[in-house]
Amino acid sequence: MLRILVYLIFIITVAMSALGIILSSRLRAKYRTVVFSSLLYYQVFIYTFGFYGIWGQVLINSFLSPLISGELLLKVTDISLLLGLPFLVFAWLMQVTFSSGISGRKSNNRFAGWFLFMNFSVLLIIGYIITTRVSVNSTVLMKDYFIIMNLVYSFISANIIHFTWKGRSLVHDFDRRVIAPAIFLVMIAQCVPLVFYTSQPWLGLIFIFAFFLGNTFLPVYFTYGTILPEFTNEPVKDRSFDVFCRRYEISPRESDIIREICNGLSNKEISDRLFISLQTVKDHSHRIYIKTNVRSRVQLINLVKENLTEPAGNNRRIM
């Protein structure tokens with residue numbers, strides 16, 4: 001049963017990896033910006049580590065454990081995992097670089113140099129400890145390294161996105177409030193199974209699933225969860241209204257009401273057009289006023305117009 005579960009999770013992780021890389025490639029091709037190149041490289045590096053450093057451990061233990069001694073097996077798995085850690089370092093660098101680009105900060109080659117120097121210095125120290133000090137539990141050492149550094153760089157990335165650089169963020173406030181905590185929550189979901197893991201197979205599988213699933217969040221969100229008018233020359237009329245609705249947490253039915261209000265219809269006319277009762281229209285309108293902090297139709301219409309980014313001279317009707 002456990003073997004079947006391992007095979008199933010492996011297939012799922014392959015699919016999630018392919019999804020993350022394909023979506024990141026499409027984002028880079030669509031928006032043609034180095035910001036999404038960083039996201040693509042992050043996906044490539046993190047999933048390379050996932051298959052080489054994580055699934056590689058499963059493969060080594062499955063096939064070599066009956067053939068070699070436990071001490072030699074431990075050495076092989078330690079060296080294999082240690083050789084996979086550079087991919088993790090490059091993935092963290094790309095994560096921070098992507099977060100900086102989204103928040104409006106310019107890339108800094110000096111930062112990248114110092115980042116790589118410090119992290120590879122740490123890896124050299126870990127490698128020296130593992131190869132020369134038999135008394136050290138190498139598995140615990142590298143597990144703690146992953147947890148601590150993942151915590152540090154996820155926290156840094158989340159804060160970079162949350163606190164914009166001089167108001168130059170390339171995503172809207174609503175998206176920043178979603179992305180920043182989500183990055184940190186993904187890290188928590190990945191690290192919690194590791195904290196309690198010693199040799200339990202089911203905890204290891206939970207960690208693997210959380211690792212691969214969590215790292216698909218960014219490409220999935222930027223593909224399906226948000227709109228980025230700053231990156232494209234396509235018409236932005238409808239997209240601007242969609243951004244307005246997400247910013248103020250407007251439901252689909254409430255957005256229909258807003259469209260008709262902006263088109264000049266009365267409550268009765270909206271009721272007839274949308275096939276809902278007059279009281280329902282009034283209830284939706286009241287909730288819209290609360291969410292957008294306006295007191296009248298005129299204020300609502302003006303607020304919508306201010307948030308639209310249509311070219312000058314376009315008809316202001318949004319339907």
# chains A, B, ... in the order shown; residues from 1 in each chain; ligands from 1

call {"tool": "select_by_dssp", "arguments": {"residues": "stretch 1-146 of chain A", "states": "alpha helix (DSSP H)", "output": "JSON, numbers by chain"}}
result
{"A": [2, 3, 4, 5, 6, 7, 8, 9, 10, 11, 12, 13, 14, 15, 16, 17, 18, 19, 20, 21, 22, 23, 24, 25, 26, 27, 28, 29, 30, 31, 34, 35, 36, 37, 38, 39, 40, 41, 42, 43, 44, 45, 46, 47, 48, 49, 56, 57, 58, 59, 60, 61, 62, 63, 64, 70, 71, 72, 73, 74, 75, 76, 77, 78, 79, 80, 81, 82, 83, 84, 85, 86, 87, 88, 89, 90, 91, 92, 93, 94, 95, 96, 97, 98, 99, 100, 101, 102, 109, 110, 111, 112, 113, 114, 115, 116, 117, 118, 119, 120, 121, 122, 123, 124, 125, 126, 127, 128, 129, 130, 131, 132, 138, 139, 140, 141, 142, 143, 144, 145, 146]}

call {"tool": "residues_around", "arguments": {"residues": "A:Asn108", "least_positions_apart": "3", "cutoff": "12 Å", "atoms": "only C-alpha atoms", "output": "PyMOL selection string"}}
result
chain A and resi 93+96-98+100-101+105+111-115

call {"tool": "write_last_selection", "arguments": {"atoms": "C-alpha atoms", "output": "compact mmCIF listing (two decimals), in the first residue's frame"}}
result
# COMPACT_ATOMS: atom_id res chain seq x y z
CA LEU A 93 18.06 33.67 -5.02
CA VAL A 96 14.11 36.96 -3.72
CA THR A 97 14.91 38.41 -7.17
CA PHE A 98 11.35 37.81 -8.36
CA SER A 100 12.14 42.42 -5.68
CA GLY A 101 11.06 42.80 -9.30
CA ARG A 105 13.00 47.26 -7.04
CA PHE A 111 23.44 41.50 -3.91
CA ALA A 112 23.40 38.32 -6.01
CA GLY A 113 27.17 37.97 -5.60
CA TRP A 114 27.05 38.35 -1.83
CA PHE A 115 24.03 36.06 -1.60

call {"tool": "residues_around", "arguments": {"residues": "stretch 276-283 of chain A", "least_positions_apart": "3", "cutoff": "10 Å", "atoms": "only C-alpha atoms", "output": "PyMOL selection string"}}
result
chain A and resi 253-254+257+266-273+286-288

call {"tool": "residues_around", "arguments": {"residues": "stretch 216-226 of chain A", "least_positions_apart": "3", "cutoff": "7 Å", "atoms": "only C-alpha atoms", "output": "list in words"}}
result
Met16, Gly20, Leu23, Ser24, Phe212 and Leu213 of chain A

call {"tool": "closest_residue", "arguments": {"among": "A:Asp242, A:Glu249, A:Asp144, A:Asp175", "to": "A:His162", "atoms": "only C-alpha atoms"}}
result
A:Asp175

call {"tool": "closest_residue", "arguments": {"among": "A:Tyr41, A:Tyr145, A:Tyr52, A:Phe209", "to": "A:Ala15", "atoms": "only C-alpha atoms"}}
result
A:Phe209

call {"tool": "closest_residue", "arguments": {"among": "A:Arg297, A:Lys106, A:Arg3, A:Lys143", "to": "A:Glu260", "atoms": "only C-alpha atoms"}}
result
A:Arg297

call {"tool": "atom_distance", "arguments": {"atom1": "atom CA of A:Gly53", "atom2": "atom CA of A:Ile161"}}
result
28.4 Å

call {"tool": "residues_around", "arguments": {"residues": "A:Leu116", "least_positions_apart": "2", "cutoff": "12 Å", "atoms": "only C-alpha atoms", "output": "PyMOL selection string"}}
result
chain A and resi 86-94+109-114+118-124

call {"tool": "write_last_selection", "arguments": {"atoms": "C-alpha atoms", "output": "short mmCIF file (atom, residue, chain, number, x, y, z; two decimals), in the first residue's frame"}}
result
data_model
loop_
_atom_site.label_atom_id
_atom_site.label_comp_id
_atom_site.auth_asym_id
_atom_site.auth_seq_id
_atom_site.Cartn_x
_atom_site.Cartn_y
_atom_site.Cartn_z
CA PRO A 86 23.21 24.36 -4.67
CA PHE A 87 20.01 24.08 -6.72
CA LEU A 88 18.11 25.13 -3.59
CA VAL A 89 20.42 28.12 -3.10
CA PHE A 90 19.84 29.31 -6.67
CA ALA A 91 16.09 28.79 -6.21
CA TRP A 92 16.09 31.03 -3.11
CA LEU A 93 18.06 33.67 -5.02
CA MET A 94 15.50 33.62 -7.84
CA ASN A 109 24.26 42.13 -9.20
CA ARG A 110 26.21 42.94 -6.06
CA PHE A 111 23.44 41.50 -3.91
CA ALA A 112 23.40 38.32 -6.01
CA GLY A 113 27.17 37.97 -5.60
CA TRP A 114 27.05 38.35 -1.83
CA MET A 118 27.42 33.56 1.85
CA ASN A 119 25.23 30.59 1.03
CA PHE A 120 27.95 28.56 -0.65
CA SER A 121 30.21 29.31 2.29
CA VAL A 122 27.56 27.79 4.55
CA LEU A 123 27.33 24.76 2.26
CA LEU A 124 31.09 24.29 2.42
#

call {"tool": "closest_residue", "arguments": {"among": "A:Gly56, A:Val6, A:Ala180, A:Phe49", "to": "A:Leu203", "atoms": "only C-alpha atoms"}}
result
A:Val6

call {"tool": "atom_distance", "arguments": {"atom1": "atom CA of A:Val304", "atom2": "atom CA of A:Cys262"}}
result
8.1 Å

call {"tool": "atom_distance", "arguments": {"atom1": "atom CA of A:Tyr289", "atom2": "atom CA of A:Gly264"}}
result
16.5 Å

call {"tool": "residues_around", "arguments": {"residues": "A:Pro181", "least_positions_apart": "3", "cutoff": "9 Å", "atoms": "only C-alpha atoms", "output": "ChimeraX atom specification"}}
result
/A:158-159,162,176-178,184-186

call {"tool": "closest_residue", "arguments": {"among": "A:Ser80, A:Tyr153, A:Val44, A:Ser69", "to": "A:Ile22", "atoms": "only C-alpha atoms"}}
result
A:Val44

call {"tool": "decode", "arguments": {"residues": "stretch 270-290 of chain A", "atoms": "N, CA and C atoms", "output": "tab-separated table (two decimals), in the first residue's frame"}}
result
chain	number	residue	atom	x	y	z
A	270	ILE	N	-32.55	47.85	-13.41
A	270	ILE	CA	-31.56	46.81	-13.11
A	270	ILE	C	-32.26	45.53	-12.72
A	271	SER	N	-33.32	45.66	-11.93
A	271	SER	CA	-34.10	44.51	-11.50
A	271	SER	C	-34.68	43.76	-12.71
A	272	ASP	N	-35.20	44.49	-13.65
A	272	ASP	CA	-35.79	43.87	-14.84
A	272	ASP	C	-34.72	43.24	-15.72
A	273	ARG	N	-33.58	43.90	-15.88
A	273	ARG	CA	-32.55	43.39	-16.78
A	273	ARG	C	-31.88	42.14	-16.21
A	274	LEU	N	-31.65	42.11	-14.89
A	274	LEU	CA	-30.94	40.98	-14.29
A	274	LEU	C	-31.88	39.90	-13.74
A	275	PHE	N	-33.20	40.14	-13.88
A	275	PHE	CA	-34.21	39.17	-13.45
A	275	PHE	C	-34.08	38.87	-11.95
A	276	ILE	N	-33.94	39.91	-11.17
A	276	ILE	CA	-33.91	39.78	-9.71
A	276	ILE	C	-34.89	40.79	-9.13
A	277	SER	N	-35.24	40.62	-7.88
A	277	SER	CA	-36.22	41.51	-7.27
A	277	SER	C	-35.61	42.89	-7.01
A	278	LEU	N	-36.47	43.86	-6.87
A	278	LEU	CA	-36.04	45.22	-6.59
A	278	LEU	C	-35.32	45.29	-5.24
A	279	GLN	N	-35.82	44.55	-4.25
A	279	GLN	CA	-35.19	44.55	-2.94
A	279	GLN	C	-33.79	43.95	-2.99
A	280	THR	N	-33.61	42.94	-3.83
A	280	THR	CA	-32.28	42.34	-3.99
A	280	THR	C	-31.30	43.35	-4.56
A	281	VAL	N	-31.76	44.15	-5.53
A	281	VAL	CA	-30.91	45.20	-6.10
A	281	VAL	C	-30.51	46.19	-5.02
A	282	LYS	N	-31.48	46.58	-4.19
A	282	LYS	CA	-31.19	47.54	-3.11
A	282	LYS	C	-30.21	46.95	-2.10
A	283	ASP	N	-30.37	45.67	-1.78
A	283	ASP	CA	-29.47	45.02	-0.82
A	283	ASP	C	-28.05	44.96	-1.37
A	284	HIS	N	-27.93	44.58	-2.65
A	284	HIS	CA	-26.60	44.54	-3.27
A	284	HIS	C	-25.97	45.93	-3.30
A	285	SER	N	-26.77	46.92	-3.64
A	285	SER	CA	-26.26	48.29	-3.72
A	285	SER	C	-25.76	48.77	-2.36
A	286	HIS	N	-26.50	48.42	-1.32
A	286	HIS	CA	-26.08	48.81	0.03
A	286	HIS	C	-24.74	48.19	0.39
A	287	ARG	N	-24.56	46.89	0.06
A	287	ARG	CA	-23.28	46.24	0.36
A	287	ARG	C	-22.14	46.83	-0.47
A	288	ILE	N	-22.44	47.20	-1.70
A	288	ILE	CA	-21.43	47.82	-2.56
A	288	ILE	C	-20.98	49.15	-1.96
A	289	TYR	N	-21.94	49.96	-1.49
A	289	TYR	CA	-21.59	51.25	-0.88
A	289	TYR	C	-20.68	51.05	0.33
A	290	ILE	N	-20.98	50.02	1.13
A	290	ILE	CA	-20.16	49.75	2.32
A	290	ILE	C	-18.74	49.35	1.92
